$ cat protein_7.cif   # mmCIF, C-alpha atoms
data_run
#
loop_
_atom_site.label_atom_id
_atom_site.label_comp_id
_atom_site.auth_asym_id
_atom_site.auth_seq_id
_atom_site.Cartn_x
_atom_site.Cartn_y
_atom_site.Cartn_z
CA MET R 107 -11.60 8.41 -31.88
CA ASN R 108 -12.91 7.75 -35.32
CA LEU R 109 -12.86 4.09 -36.23
CA TYR R 110 -14.38 4.49 -39.64
CA ALA R 111 -12.07 7.16 -41.04
CA LYS R 112 -8.99 5.49 -39.55
CA SER R 113 -9.12 2.22 -41.40
CA LYS R 114 -9.14 1.64 -45.13
CA PHE R 115 -10.71 -1.77 -44.76
CA ASN R 116 -13.82 -0.69 -42.92
CA PRO R 117 -17.05 -1.05 -44.91
CA THR R 118 -19.67 1.63 -44.43
CA PRO R 119 -22.09 1.08 -41.53
CA LEU R 120 -24.95 0.66 -43.97
CA SER R 121 -23.33 -2.29 -45.73
CA LYS R 122 -22.59 -3.87 -42.37
CA LEU R 123 -26.21 -3.44 -41.37
CA PHE R 124 -27.32 -4.89 -44.68
CA VAL R 125 -25.10 -7.95 -44.19
CA THR R 126 -26.47 -8.51 -40.68
CA VAL R 127 -30.06 -8.38 -41.89
CA PHE R 128 -29.23 -10.57 -44.90
CA LEU R 129 -27.64 -13.22 -42.68
CA SER R 130 -30.60 -13.18 -40.32
CA VAL R 131 -33.01 -13.70 -43.23
CA CYS R 132 -30.90 -16.63 -44.44
CA ILE R 133 -30.95 -18.61 -41.21
CA SER R 134 -34.28 -20.13 -42.20
CA PHE R 135 -32.48 -21.91 -45.08
CA ASN R 136 -30.15 -24.79 -44.51
CA THR R 137 -26.54 -23.90 -45.14
CA SER R 138 -23.78 -26.48 -45.42
CA ALA R 139 -21.34 -26.47 -42.53
CA LEU R 140 -18.29 -25.76 -44.68
CA PHE R 141 -19.78 -22.62 -46.18
CA SER R 142 -21.03 -21.29 -42.86
CA PHE R 143 -17.54 -21.76 -41.52
CA ALA R 144 -16.24 -19.85 -44.54
CA LEU R 145 -18.63 -17.00 -43.68
CA VAL R 146 -17.45 -16.89 -40.07
CA ALA R 147 -13.84 -16.91 -41.25
CA PHE R 148 -14.55 -14.17 -43.79
CA ILE R 149 -16.12 -11.84 -41.21
CA SER R 150 -13.27 -12.65 -38.80
CA VAL R 151 -10.74 -11.63 -41.44
CA PHE R 152 -12.53 -8.30 -41.67
CA CYS R 153 -12.38 -7.95 -37.89
CA MET R 154 -8.63 -8.56 -38.08
CA LEU R 155 -8.18 -5.99 -40.82
CA ASN R 156 -9.88 -3.48 -38.54
CA SER R 157 -7.45 -4.33 -35.71
CA LYS R 158 -9.91 -6.41 -33.73
CA SER R 159 -7.84 -9.61 -33.80
CA LYS R 160 -9.01 -10.71 -30.37
CA LEU R 161 -12.62 -10.69 -31.50
CA ALA R 162 -11.69 -12.57 -34.68
CA ILE R 163 -9.87 -15.35 -32.82
CA LYS R 164 -12.64 -15.60 -30.25
CA SER R 165 -15.39 -15.90 -32.86
CA ILE R 166 -13.61 -18.62 -34.82
CA THR R 167 -12.78 -20.67 -31.72
CA ILE R 168 -16.31 -20.46 -30.35
CA TYR R 169 -17.76 -21.49 -33.69
CA LEU R 170 -15.40 -24.46 -33.97
CA LEU R 171 -16.23 -25.53 -30.42
CA LEU R 172 -19.96 -25.35 -31.13
CA ASN R 173 -19.51 -27.46 -34.24
CA ILE R 174 -17.42 -30.10 -32.50
CA LEU R 175 -19.90 -30.27 -29.63
CA SER R 176 -22.96 -30.64 -31.84
CA PHE R 177 -21.21 -33.30 -33.96
CA ASP R 178 -20.24 -35.22 -30.86
CA PHE R 179 -23.72 -35.16 -29.45
CA ILE R 180 -25.43 -36.30 -32.61
CA LEU R 181 -23.26 -39.42 -32.67
CA SER R 182 -23.85 -40.35 -29.06
CA SER R 183 -27.04 -41.98 -27.82
CA TYR R 184 -29.83 -39.74 -26.62
CA ASP R 185 -30.15 -39.01 -23.00
CA PHE R 186 -32.19 -36.25 -21.41
CA LEU R 187 -29.27 -34.08 -20.32
CA LYS R 188 -27.34 -34.66 -23.52
CA ASN R 189 -30.39 -33.87 -25.59
CA TYR R 190 -30.82 -30.73 -23.59
CA VAL R 191 -27.25 -29.49 -24.04
CA LEU R 192 -27.51 -30.38 -27.70
CA PHE R 193 -30.59 -28.18 -27.98
CA LEU R 194 -28.69 -25.24 -26.49
CA VAL R 195 -25.65 -25.78 -28.71
CA ILE R 196 -27.79 -26.00 -31.83
CA VAL R 197 -29.76 -22.88 -30.98
CA ALA R 198 -26.48 -21.04 -30.42
CA LYS R 199 -25.18 -22.31 -33.76
CA PHE R 200 -28.43 -21.31 -35.44
CA PHE R 201 -28.20 -17.67 -34.37
CA TYR R 202 -24.44 -17.43 -34.58
CA LEU R 203 -24.00 -15.78 -37.99
CA PRO R 204 -26.42 -12.84 -37.63
CA PHE R 205 -25.14 -12.35 -34.10
CA LEU R 206 -21.56 -12.21 -35.36
CA GLY R 207 -22.60 -9.73 -38.05
CA GLY R 208 -24.19 -7.55 -35.38
CA ILE R 209 -21.11 -7.70 -33.16
CA PHE R 210 -18.89 -6.79 -36.09
CA PHE R 211 -21.20 -3.85 -36.82
CA VAL R 212 -21.11 -2.56 -33.24
CA ALA R 213 -17.38 -3.14 -32.71
CA THR R 214 -16.15 -1.41 -35.83
CA SER R 215 -18.52 1.51 -36.37
CA ASP R 216 -18.68 4.76 -34.47
CA VAL R 217 -21.58 7.08 -33.87
CA SER R 218 -20.63 9.81 -36.31
CA SER R 219 -20.24 7.50 -39.29
CA ILE R 220 -23.56 5.82 -38.44
CA ILE R 221 -25.32 9.18 -38.36
CA VAL R 222 -23.77 10.29 -41.65
CA SER R 223 -24.58 7.09 -43.48
CA LEU R 224 -28.15 6.96 -42.17
CA GLU R 225 -28.65 10.55 -43.26
CA LYS R 226 -27.52 9.55 -46.71
CA VAL R 227 -30.51 7.24 -47.12
CA LYS R 228 -32.76 10.09 -45.93
CA LEU R 229 -34.10 8.43 -42.79
CA PRO R 230 -36.09 10.84 -40.62
CA LYS R 231 -34.40 12.43 -37.62
CA THR R 232 -36.80 10.76 -35.22
CA ILE R 233 -35.24 7.42 -36.06
CA ILE R 234 -31.60 8.45 -36.52
CA ILE R 235 -31.15 10.11 -33.12
CA PRO R 236 -32.47 7.24 -30.95
CA LEU R 237 -30.42 4.75 -32.98
CA SER R 238 -27.20 6.72 -32.63
CA VAL R 239 -27.85 7.27 -28.92
CA ILE R 240 -28.11 3.51 -28.51
CA PHE R 241 -24.55 3.09 -29.78
CA ARG R 242 -23.28 6.00 -27.76
CA TYR R 243 -24.85 4.75 -24.53
CA PHE R 244 -23.66 1.12 -24.56
CA PRO R 245 -20.15 1.70 -23.13
CA THR R 246 -21.41 4.10 -20.45
CA PHE R 247 -24.05 1.60 -19.45
CA LYS R 248 -21.41 -1.08 -18.94
CA GLU R 249 -19.32 1.22 -16.72
CA ASP R 250 -22.37 2.19 -14.67
CA ARG R 251 -23.27 -1.40 -14.08
CA LYS R 252 -19.78 -2.13 -12.82
CA SER R 253 -19.75 0.75 -10.38
CA ILE R 254 -23.23 -0.08 -9.08
CA LYS R 255 -22.11 -3.67 -8.52
CA ASP R 256 -19.07 -2.46 -6.58
CA ALA R 257 -21.17 -0.15 -4.45
CA MET R 258 -23.56 -2.94 -3.60
CA LYS R 259 -20.72 -5.26 -2.67
CA MET R 260 -19.43 -2.62 -0.27
CA ARG R 261 -22.81 -2.36 1.43
CA GLY R 262 -23.23 -6.12 1.53
CA ILE R 263 -26.35 -6.37 -0.61
CA THR R 264 -26.50 -9.80 -2.18
CA PHE R 265 -28.89 -11.82 -4.26
CA LYS R 266 -30.30 -13.46 -1.11
CA ASN R 267 -33.25 -11.10 -1.18
CA PRO R 268 -33.99 -10.95 -4.90
CA ILE R 269 -36.72 -8.29 -4.84
CA ARG R 270 -34.65 -5.86 -2.80
CA TYR R 271 -31.65 -6.66 -4.96
CA LEU R 272 -33.58 -5.84 -8.12
CA GLU R 273 -34.77 -2.57 -6.61
CA TYR R 274 -31.25 -1.60 -5.60
CA VAL R 275 -29.95 -2.36 -9.07
CA SER R 276 -32.70 -0.75 -11.10
CA VAL R 277 -33.19 2.54 -9.27
CA PRO R 278 -29.59 3.81 -9.48
CA THR R 279 -29.33 2.58 -13.06
CA ILE R 280 -32.41 4.56 -14.08
CA ILE R 281 -31.30 7.67 -12.17
CA SER R 282 -27.83 7.61 -13.74
CA ALA R 283 -29.51 7.04 -17.11
CA THR R 284 -31.61 10.17 -16.69
CA ASN R 285 -28.48 12.15 -15.84
CA ILE R 286 -26.80 10.81 -18.97
CA ILE R 287 -29.85 11.78 -21.03
CA ASP R 288 -29.33 15.38 -19.92
CA ASP R 289 -25.62 15.23 -20.81
CA ILE R 290 -26.15 13.70 -24.21
CA SER R 291 -28.96 16.03 -25.20
CA ILE R 292 -26.98 19.11 -24.18
CA SER R 293 -23.93 17.96 -26.14
CA ALA R 294 -26.13 17.09 -29.13
CA GLU R 295 -27.75 20.51 -28.92
CA THR R 296 -24.34 22.20 -28.95
CA LYS R 297 -23.41 20.17 -32.02
CA CYS R 298 -26.48 21.62 -33.68
CA ILE R 299 -28.10 18.28 -34.32
CA SER R 300 -31.65 19.62 -34.40
CA ASP R 301 -30.88 22.36 -36.90
CA PRO R 302 -32.40 21.44 -40.27
CA CYS R 303 -29.64 23.19 -42.25
CA LYS R 304 -27.17 21.34 -44.45
CA LYS R 305 -24.21 20.14 -42.44
CA GLU R 306 -20.52 20.02 -43.23
CA ARG R 307 -18.89 16.80 -42.01
CA PHE R 308 -15.32 16.05 -40.98
CA PHE R 309 -15.29 13.08 -43.29
CA ASP R 310 -17.50 11.58 -45.92
CA VAL R 311 -18.97 8.08 -45.96
CA LYS R 312 -18.30 6.70 -49.41
CA TYR R 313 -19.02 3.39 -51.01
CA THR R 314 -15.70 1.93 -52.08
CA LEU R 315 -14.34 -1.35 -53.39
CA ILE R 316 -14.19 -2.75 -49.88
CA ASP R 317 -17.98 -2.44 -49.51
CA PHE R 318 -18.49 -4.20 -52.79
CA ILE R 319 -16.14 -7.03 -51.78
CA PHE R 320 -17.68 -7.36 -48.34
CA ILE R 321 -21.30 -7.52 -49.49
CA SER R 322 -20.80 -9.60 -52.62
CA PHE R 323 -18.61 -12.22 -50.92
CA VAL R 324 -21.04 -12.69 -48.07
CA ILE R 325 -23.96 -13.06 -50.48
CA LEU R 326 -22.02 -15.42 -52.77
CA ILE R 327 -20.80 -17.67 -49.96
CA GLN R 328 -24.30 -17.79 -48.47
CA ILE R 329 -25.96 -18.65 -51.78
CA PHE R 330 -23.41 -21.34 -52.61
CA GLY R 331 -23.86 -22.72 -49.12
CA ILE R 332 -27.60 -23.03 -49.68
CA LEU R 333 -27.21 -24.53 -53.17
CA TYR R 334 -24.54 -27.09 -52.32
CA ASP R 335 -26.03 -28.33 -49.12
CA MET Y 63 -45.77 22.97 -24.76
CA SER Y 64 -44.77 22.02 -28.27
CA LYS Y 65 -46.16 18.74 -29.52
CA SER Y 66 -43.29 17.62 -31.73
CA LEU Y 67 -40.41 15.58 -30.39
CA ASN Y 68 -37.27 17.56 -29.63
CA VAL Y 69 -33.73 16.26 -29.26
CA LYS Y 70 -34.05 15.59 -25.56
CA ASP Y 71 -37.11 13.40 -26.10
CA LEU Y 72 -35.34 11.47 -28.83
CA VAL Y 73 -32.29 10.91 -26.63
CA THR Y 74 -34.61 9.74 -23.85
CA ILE Y 75 -36.19 7.28 -26.27
CA GLY Y 76 -32.78 5.89 -27.22
CA VAL Y 77 -31.48 5.44 -23.68
CA PHE Y 78 -34.71 3.98 -22.30
CA ALA Y 79 -34.98 1.63 -25.27
CA ILE Y 80 -31.57 0.17 -24.40
CA LEU Y 81 -32.53 -0.31 -20.76
CA TYR Y 82 -35.81 -1.94 -21.82
CA PHE Y 83 -34.07 -4.19 -24.31
CA PHE Y 84 -31.57 -5.13 -21.63
CA ILE Y 85 -34.38 -6.19 -19.26
CA ALA Y 86 -36.03 -8.20 -22.05
CA PHE Y 87 -32.68 -9.79 -22.89
CA ILE Y 88 -31.92 -10.84 -19.31
CA VAL Y 89 -35.40 -12.33 -18.92
CA ALA Y 90 -35.03 -14.10 -22.28
CA ILE Y 91 -31.98 -15.96 -20.99
CA LEU Y 92 -34.52 -18.02 -19.00
CA GLY Y 93 -35.58 -19.36 -22.39
CA VAL Y 94 -32.76 -21.90 -22.24
CA PHE Y 95 -35.33 -24.00 -20.41
CA PRO Y 96 -37.86 -24.59 -23.20
CA ILE Y 97 -40.90 -24.58 -20.90
CA PHE Y 98 -40.09 -21.09 -19.65
CA ILE Y 99 -40.43 -19.68 -23.16
CA PHE Y 100 -44.12 -19.13 -22.45
CA VAL Y 101 -43.45 -17.12 -19.31
CA ILE Y 102 -40.90 -14.76 -20.84
CA PRO Y 103 -43.42 -12.12 -22.05
CA PHE Y 104 -45.11 -12.14 -18.64
CA LEU Y 105 -41.86 -11.61 -16.75
CA THR Y 106 -40.72 -8.91 -19.16
CA ALA Y 107 -44.05 -7.16 -18.59
CA VAL Y 108 -43.64 -7.26 -14.81
CA PHE Y 109 -40.02 -6.15 -14.68
CA GLY Y 110 -40.26 -3.53 -17.42
CA GLY Y 111 -43.16 -1.74 -15.73
CA THR Y 112 -41.13 0.74 -13.72
CA LEU Y 113 -39.06 1.78 -16.70
CA VAL Y 114 -41.94 2.30 -19.12
CA MET Y 115 -44.11 4.10 -16.56
CA LEU Y 116 -41.22 6.47 -15.90
CA PHE Y 117 -40.79 6.94 -19.63
CA MET Y 118 -44.50 7.73 -20.01
CA SER Y 119 -44.36 10.34 -17.29
CA LYS Y 120 -41.21 11.92 -18.75
CA VAL Y 121 -42.16 12.22 -22.40
CA ASN Y 122 -45.73 13.41 -22.88
CA LYS Y 123 -45.89 13.64 -26.63
CA PRO Y 124 -47.52 11.73 -29.47
CA TRP Y 125 -45.43 9.05 -31.25
CA ALA Y 126 -42.87 8.90 -28.45
CA LEU Y 127 -44.21 5.65 -27.01
CA PHE Y 128 -44.54 4.14 -30.46
CA ILE Y 129 -40.95 4.83 -31.50
CA PHE Y 130 -39.68 3.70 -28.10
CA GLY Y 131 -41.63 0.47 -28.31
CA MET Y 132 -40.64 -0.37 -31.87
CA ILE Y 133 -36.88 -0.37 -31.21
CA PRO Y 134 -36.58 -3.67 -29.26
CA PRO Y 135 -38.70 -5.69 -31.74
CA CYS Y 136 -36.68 -4.28 -34.62
CA ILE Y 137 -33.42 -5.27 -32.91
CA MET Y 138 -34.91 -8.75 -32.41
CA TRP Y 139 -35.90 -8.84 -36.07
CA ALA Y 140 -32.38 -7.97 -37.15
CA MET Y 141 -31.01 -10.71 -34.91
CA GLY Y 142 -32.87 -13.62 -36.45
CA HIS Y 143 -36.53 -13.54 -35.48
CA THR Y 144 -39.12 -13.49 -38.26
CA TYR Y 145 -41.13 -10.52 -39.52
CA ILE Y 146 -44.02 -11.61 -37.29
CA VAL Y 147 -42.38 -9.99 -34.27
CA PRO Y 148 -42.42 -6.39 -35.60
CA ILE Y 149 -45.93 -6.85 -37.03
CA THR Y 150 -47.42 -7.95 -33.69
CA ALA Y 151 -45.46 -5.15 -32.06
CA ILE Y 152 -47.02 -2.58 -34.41
CA LEU Y 153 -50.48 -3.90 -33.53
CA PHE Y 154 -50.12 -3.90 -29.74
CA ILE Y 155 -47.99 -0.80 -29.42
CA GLY Y 156 -50.40 1.02 -31.74
CA ILE Y 157 -53.23 0.22 -29.32
CA ALA Y 158 -51.06 1.35 -26.42
CA GLU Y 159 -50.25 4.60 -28.21
CA LEU Y 160 -53.96 5.29 -28.84
CA ILE Y 161 -54.83 4.73 -25.17
CA PHE Y 162 -51.85 6.85 -24.14
CA ARG Y 163 -53.19 9.68 -26.30
CA LYS Y 164 -56.73 9.27 -25.02
CA GLY Y 165 -55.56 9.89 -21.46
CA LYS Y 166 -53.91 13.13 -22.61
CA PHE Y 167 -50.51 11.54 -21.75
CA THR Y 168 -50.80 12.25 -18.03
CA SER Y 169 -53.74 10.24 -16.70
CA LEU Y 170 -52.39 7.46 -14.50
CA LYS Y 171 -55.39 5.25 -15.16
CA TYR Y 172 -55.04 5.39 -18.92
CA ASN Y 173 -51.26 4.97 -18.70
CA THR Y 174 -51.69 1.79 -16.67
CA PHE Y 175 -53.93 0.23 -19.33
CA SER Y 176 -51.72 1.56 -22.07
CA TYR Y 177 -48.75 -0.21 -20.52
CA SER Y 178 -50.63 -3.48 -20.19
CA PHE Y 179 -51.28 -3.45 -23.94
CA PHE Y 180 -47.76 -2.22 -24.66
CA SER Y 181 -46.20 -5.20 -22.90
CA CYS Y 182 -48.08 -7.66 -25.13
CA TRP Y 183 -45.61 -7.11 -27.98
CA GLY Y 184 -43.40 -9.78 -26.42
CA THR Y 185 -45.90 -12.46 -27.40
CA GLY Y 186 -44.84 -11.96 -31.03
CA ALA Y 187 -41.93 -14.32 -30.46
CA ILE Y 188 -44.46 -17.04 -29.60
CA ILE Y 189 -46.99 -16.07 -32.28
CA GLN Y 190 -44.31 -16.68 -34.90
CA MET Y 191 -44.11 -20.28 -33.67
CA ILE Y 192 -47.79 -20.89 -34.40
CA ILE Y 193 -47.89 -19.20 -37.79
CA LEU Y 194 -44.65 -20.68 -39.07
CA LYS Y 195 -45.20 -24.03 -37.32
CA GLU Y 196 -44.25 -26.21 -40.30
CA GLN Y 197 -41.14 -24.23 -41.07
CA TYR Y 198 -40.17 -24.22 -37.42
CA ILE Y 199 -40.45 -28.00 -37.08
CA LYS Y 200 -38.51 -28.56 -40.30
CA ALA Y 201 -35.69 -26.28 -39.21
CA GLN Y 202 -35.47 -28.03 -35.85
CA ILE Y 203 -35.43 -31.52 -37.38
CA GLN Y 204 -32.76 -30.49 -39.85
CA ALA Y 205 -30.77 -29.09 -36.97
CA GLY Y 206 -30.68 -32.58 -35.49
CA ILE Y 207 -32.96 -32.19 -32.49
CA SER Y 208 -34.84 -35.36 -31.61
CA GLU Y 209 -38.52 -35.45 -32.50
CA GLU Y 210 -39.66 -36.11 -28.95
CA SER Y 211 -38.36 -32.86 -27.60
CA ILE Y 212 -39.74 -30.92 -30.55
CA ASN Y 213 -43.15 -32.53 -30.08
CA GLN Y 214 -43.10 -31.64 -26.41
CA LEU Y 215 -42.95 -28.00 -27.39
CA VAL Y 216 -45.10 -28.12 -30.52
CA ASN Y 217 -48.00 -29.85 -28.78
CA LEU Y 218 -48.21 -26.85 -26.51
CA ILE Y 219 -48.35 -24.37 -29.37
CA THR Y 220 -52.05 -24.19 -30.17
CA LEU Y 221 -54.52 -21.35 -30.50
CA PRO Y 222 -55.98 -21.61 -26.96
CA THR Y 223 -52.56 -21.62 -25.28
CA PHE Y 224 -51.63 -18.73 -27.32
CA ILE Y 225 -54.67 -16.63 -26.35
CA LEU Y 226 -53.98 -17.63 -22.77
CA ILE Y 227 -50.43 -16.32 -23.13
CA ILE Y 228 -51.67 -12.95 -24.39
CA VAL Y 229 -54.13 -12.69 -21.48
CA ILE Y 230 -51.45 -13.65 -18.96
CA THR Y 231 -49.05 -11.14 -20.45
CA TRP Y 232 -51.75 -8.48 -20.31
CA ILE Y 233 -52.28 -9.18 -16.59
CA GLY Y 234 -48.50 -9.12 -16.16
CA GLY Y 235 -48.58 -5.68 -17.74
CA LEU Y 236 -51.12 -4.50 -15.17
CA ILE Y 237 -48.96 -5.87 -12.32
CA GLY Y 238 -45.90 -4.24 -13.82
CA ALA Y 239 -47.69 -0.93 -14.15
CA PHE Y 240 -48.81 -0.99 -10.51
CA VAL Y 241 -45.31 -1.89 -9.33
CA GLY Y 242 -44.04 0.91 -11.53
CA ARG Y 243 -46.42 3.42 -10.01
CA LYS Y 244 -45.33 2.41 -6.51
CA MET Y 245 -41.66 2.71 -7.47
CA LEU Y 246 -42.25 6.09 -9.07
CA LYS Y 247 -43.79 7.35 -5.87
CA LYS Y 248 -41.15 5.80 -3.64
CA HIS Y 249 -38.00 6.79 -5.51
CA PHE Y 250 -38.29 8.98 -8.54
CA GLU Y 251 -40.77 11.65 -7.48
CA LYS Y 252 -38.64 12.40 -4.44
CA ALA Y 253 -35.53 12.68 -6.58
CA GLY Y 254 -37.32 15.18 -8.80
CA ILE Y 255 -36.91 13.08 -11.93
CA VAL Y 256 -40.56 12.79 -12.91
#
$ encode --input "protein_7.cif" --output "structure tokens"
Amino acid sequence: MNLYAKSKFNPTPLSKLFVTVFLSVCISFNTSALFSFALVAFISVFCMLNSKSKLAIKSITIYLLLNILSFDFILSSYDFLKNYVLFLVIVAKFFYLPFLGGIFFVATSDVSSIIVSLEKVKLPKTIIIPLSVIFRYFPTFKEDRKSIKDAMKMRGITFKNPIRYLEYVSVPTIISATNIIDDISISAETKCISDPCKKERFFDVKYTLIDFIFISFVILIQIFGILYD
Amino acid sequence: MSKSLNVKDLVTIGVFAILYFFIAFIVAILGVFPIFIFVIPFLTAVFGGTLVMLFMSKVNKPWALFIFGMIPPCIMWAMGHTYIVPITAILFIGIAELIFRKGKFTSLKYNTFSYSFFSCWGTGAIIQMIILKEQYIKAQIQAGISEESINQLVNLITLPTFILIIVITWIGGLIGAFVGRKMLKKHFEKAGIV
């Protein structure tokens, strides 16, 4: 399934990556709460446009909850536990925007469009292939973890003996990973990935108006947020 | 044996990098207790040993370890850490790569020491606290955290502690490498994976 080619409102993977890095650079500045909320809402709207409404609603609700919690705790008197929860909430709020950008990037891009757009900036193959494998492997990894958990439940291995538990989790995970490595490299080989010739793609990754809107709005909101703090 | 990385090696790098990042991520969840922040690199070193030792025995080529090691710090950089993290990572993983090459990629002794240096990249997250101390305190105060709890942490961030952390992490790397060697013998050599 090709997420990128399907939707008109999907920015190119490169612009999504750029936005994530930009947001992570900006967390060292102080941004006013209203503008950060506008950023979260803006990225959520993009999630919705790409038919990820669940993610959009989730991200807005979590952000609102974090805000309400931190506001509540600042007003109340300090207490060790309260101070502690406040610390967690504030750290979560601190890293929320770049994290959201990263989730948006992973949820709405697929491997082929990532490869094409990274090739466009002439990155070497030694970086492109590991990066694209990372995105390809995430869903399989999740499935594997679930089946290993089920198998362990059946045999009655619990967390009571942590060292044995860790061994029983890690060994099958690594063995299944090595099997997957074989699968992926064979399928990549058949798709001629190591051939240095020029390749014809099913679709092209183009910079359109939507990229411009996406990047410029994020930058504008962020800059105004810093200025009007 | 050709010395340049082929597709299979690159795919191996990608998959192992995820597993390694996953281990580092799970250990980093301990960081919700501020005191544990200093133990995170040590624990990552111990638990990541098996994985990296297996990786070293699977891919015996130059640059493989370097590319593999640089992926987690770069993900961390993209997710909000400062540029200090990748810079420390380049330093320590560069040393690891040199030792890995010196042992001709197969010597167990050299690989063990190589891993102990490799695992020190995790200290970058703490080094950034010492270098950007002022900025760090300011950001925390602006965020509304009380000064007591910041001071608790900041008083600990000094040069001696920080050298101690690197040494501890290095020892953790040695422990991890020995555990990894044991695990390799016990499970993976039998299964024909190495």
$ closest_residue --input "protein_7.cif" --among "Y:Lys244, Y:His143, Y:Lys195, Y:Lys65" --to "chain R" --atoms "all atoms listed in the file"
Y:His143
$ interface_residues --input "protein_7.cif" --of "chain Y" --to "chain R" --cutoff "6 Å" --atoms "all atoms listed in the file" --output "count of residues only"
9
$ atom_distance --input "protein_7.cif" --atom1 "atom CA of Phe78 of chain Y" --atom2 "atom CA of Ser119 of chain Y"
12.6 Å
$ atom_distance --input "protein_7.cif" --atom1 "atom CA of Ile220 of chain R" --atom2 "atom CA of Asn68 of chain Y"
20.1 Å
$ atom_distance --input "protein_7.cif" --atom1 "atom CA of Pro103 of chain Y" --atom2 "atom CA of Gly184 of chain Y"
5.0 Å
$ resolve_selection --input "protein_7.cif" --expression "the PyMOL selection byres ((chain Y and resi 249) around 12)" --output "list in words"
Glu273, Tyr274, Ser276, Val277, Pro278, Ile280 and Ile281 of chain R; Thr112, Leu116, Val241, Gly242, Arg243, Lys244, Met245, Leu246, Lys247, Lys248, Phe250, Glu251, Lys252, Ala253, Gly254, Ile255 and Val256 of chain Y
$ residues_near_point --input "protein_7.cif" --point "(-44.2, 13.4, -23.7)" --cutoff "12 Å" --atoms "all atoms listed in the file" --output "PyMOL selection string"
chain Y and resi 63-68+70-72+74-75+115-128+130+159+162-163+166-168+256
$ resolve_selection --input "protein_7.cif" --expression "the PyMOL selection byres ((chain Y and resi 187) around 10)" --output "PDB file with C-alpha atoms, in the coordinates of the input"
ATOM      1  CA  ILE Y  99     -40.430 -19.680 -23.160  1.00  0.00           C
ATOM      2  CA  PHE Y 100     -44.120 -19.130 -22.450  1.00  0.00           C
ATOM      3  CA  ILE Y 102     -40.900 -14.760 -20.840  1.00  0.00           C
ATOM      4  CA  PRO Y 103     -43.420 -12.120 -22.050  1.00  0.00           C
ATOM      5  CA  PRO Y 135     -38.700  -5.690 -31.740  1.00  0.00           C
ATOM      6  CA  MET Y 138     -34.910  -8.750 -32.410  1.00  0.00           C
ATOM      7  CA  TRP Y 139     -35.900  -8.840 -36.070  1.00  0.00           C
ATOM      8  CA  HIS Y 143     -36.530 -13.540 -35.480  1.00  0.00           C
ATOM      9  CA  THR Y 144     -39.120 -13.490 -38.260  1.00  0.00           C
ATOM     10  CA  TYR Y 145     -41.130 -10.520 -39.520  1.00  0.00           C
ATOM     11  CA  ILE Y 146     -44.020 -11.610 -37.290  1.00  0.00           C
ATOM     12  CA  VAL Y 147     -42.380  -9.990 -34.270  1.00  0.00           C
ATOM     13  CA  PRO Y 148     -42.420  -6.390 -35.600  1.00  0.00           C
ATOM     14  CA  THR Y 150     -47.420  -7.950 -33.690  1.00  0.00           C
ATOM     15  CA  ALA Y 151     -45.460  -5.150 -32.060  1.00  0.00           C
ATOM     16  CA  TRP Y 183     -45.610  -7.110 -27.980  1.00  0.00           C
ATOM     17  CA  GLY Y 184     -43.400  -9.780 -26.420  1.00  0.00           C
ATOM     18  CA  THR Y 185     -45.900 -12.460 -27.400  1.00  0.00           C
ATOM     19  CA  GLY Y 186     -44.840 -11.960 -31.030  1.00  0.00           C
ATOM     20  CA  ILE Y 188     -44.460 -17.040 -29.600  1.00  0.00           C
ATOM     21  CA  ILE Y 189     -46.990 -16.070 -32.280  1.00  0.00           C
ATOM     22  CA  GLN Y 190     -44.310 -16.680 -34.900  1.00  0.00           C
ATOM     23  CA  MET Y 191     -44.110 -20.280 -33.670  1.00  0.00           C
ATOM     24  CA  ILE Y 192     -47.790 -20.890 -34.400  1.00  0.00           C
TER      25      ILE Y 192
END
$ resolve_selection --input "protein_7.cif" --expression "the PyMOL selection byres ((chain Y and resi 111) around 9)" --output "ChimeraX atom specification"
/Y:106-110,112-116,177-178,181,235-243
$ closest_residue --input "protein_7.cif" --among "R:Lys158, R:Lys259, R:Lys226, R:Lys122" --to "Lys312 of chain R" --atoms "only C-alpha atoms"
R:Lys226
$ closest_residue --input "protein_7.cif" --among "R:Val275, R:Val146, R:Cys153, R:Ile263" --to "Asp250 of chain R" --atoms "all atoms listed in the file"
R:Val275
$ residues_around --input "protein_7.cif" --residues "Lys160 of chain R" --least-positions-apart "5" --cutoff "12 Å" --atoms "all atoms listed in the file" --output "list of chain:residue names"
R:Ser150, R:Val151, R:Cys153, R:Met154, R:Leu155, R:Ser165, R:Ile166, R:Thr167, R:Ala213
$ write_last_selection --input "protein_7.cif" --atoms "C-alpha atoms" --output "PDB file, keeping the file's coordinate frame"
ATOM      1  CA  SER R 150     -13.270 -12.650 -38.800  1.00  0.00           C
ATOM      2  CA  VAL R 151     -10.740 -11.630 -41.440  1.00  0.00           C
ATOM      3  CA  CYS R 153     -12.380  -7.950 -37.890  1.00  0.00           C
ATOM      4  CA  MET R 154      -8.630  -8.560 -38.080  1.00  0.00           C
ATOM      5  CA  LEU R 155      -8.180  -5.990 -40.820  1.00  0.00           C
ATOM      6  CA  SER R 165     -15.390 -15.900 -32.860  1.00  0.00           C
ATOM      7  CA  ILE R 166     -13.610 -18.620 -34.820  1.00  0.00           C
ATOM      8  CA  THR R 167     -12.780 -20.670 -31.720  1.00  0.00           C
ATOM      9  CA  ALA R 213     -17.380  -3.140 -32.710  1.00  0.00           C
TER      10      ALA R 213
END
